[in-house]
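Input: a single structure, listed below in structure tokens.
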Amino acid sequence: MKKLLYIIRHGETDLNKKGIVQGKGVDTPLNHLGNQQANAFYEAYKHTSFNRIYTSTLQRTHQTVASFIADGLPWEQLEGLDEICWGIYEGKEQTQEILTGFNSVTKKWSEGLLDLRVENGESPNDVQKRQKKAIDYILSKDGEKQVLICMHGRAMRILLCLLSGKLLKEMDDFPHTNTALYIVSYEDGIFTIEDHYNTDHLAKLQQAKQSV
């Protein structure tokens with residue numbers, strides 16, 4: 001049976017807006033724009049026949065798909081979909097010192113040092129290991145032909161590498177923004193990216209912002 005995974009990033013939070021590092025340990029709500037983004041996605045996809053919703057355990061993902069849940073769609077939280085843990089950087093403003101350390105870590109990831117982690121944080125390999133369990137669980141559900149998955153930016157990049165077979169060190173090749181969509185199909189053991197970084201539902205919000 002062919003299965004379609006609609007994978008989106010959560011809407012904007014105030015910490016996103018302020019450039020403060022979020023991660024698995026920072027549980028912040030959507031801000032006004034984030035709720036608008038969530039509503040725009042809902043209006044664009046509310047007629048899609050999703051069988052179930054899967055989110056991380058963090059409220060910013062729950063709020064992003066709240067309208068679908070209110071419609072009565074079954075919903076499940078999976079820890080494997082949580083954002084990467086940024087350790088000692090979480091909840092801190094991106095000062096020059098933190099930004100330099102952050103960029104150093106991500107550069108080393110791009111060089112293939114994928115067990116490297118921020119102090120008290122997770123490595124990309126750590127995240128992908130728990131993601132594999134989550135995806136195996138989602139795929140094990142017979143009868144779910146189309147599911148909506150709401151998660152987080154860095155975690156999404158890592159997951160898309162896992163599904164597409166792309167080298168994990170190339171994760172930054174997958175762009176993301178708040179509520180951006182990737183559609184991935186699964187059939188006969190093969191994943192295929194059917195829609196890449198779709199933000200069409202955000203067009204009216206972007207136009208409104210430009211006209212202000």
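Labels used: A, B, ... for chains in the order of the structure tokens, numbers from 1 for residues in each chain, and numbers from 1 for ligands as shown.
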
Worksheet entry | Contacts of segment 127-132 of chain A within 9 Å, only C-alpha atoms, excl. fewer than 2 positions in-chain, as JSON, numbers by chain | {"A": [79, 80, 81, 82, 83, 84, 85, 122, 123, 124, 125, 134, 135, 136, 137, 155, 158, 159, 161, 162]}

Write out as a PDB file with C-alpha atoms, in the first residue's frame the residues lying within 9 Å of segment 110-112 of chain A, counting only C-alpha atoms and excluding same-chain residues fewer than 6 positions away.
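Listed below is the output, selection-v4.pdb:
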ATOM      1  CA  LEU A 167      23.856  11.793   3.323  1.00  0.00           C
ATOM      2  CA  LEU A 168      23.150  13.231   6.754  1.00  0.00           C
ATOM      3  CA  LYS A 169      26.028  15.678   6.404  1.00  0.00           C
ATOM      4  CA  GLU A 170      24.055  17.276   3.548  1.00  0.00           C
ATOM      5  CA  MET A 171      20.992  18.008   5.732  1.00  0.00           C
ATOM      6  CA  ASP A 172      21.239  21.762   5.141  1.00  0.00           C
TER       7      ASP A 172
END

Practice prompt. Using only C-alpha atoms, pick whichever of A:Trp109, A:Tyr6, A:Asp27, A:Lys17 has the shortest atom-to-atom distance to Tyr45 of chain A.
Written response: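 Result for the nearest residue to Tyr45 of chain A: A:Tyr6.
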
Worksheet item: So which bits of segment 12-176 of chain A end up strand (DSSP E or B) when you DSSP the backbone, as a ChimeraX atom specification?
Response: /A:13,20,30,52-55,75-77,93,146-151
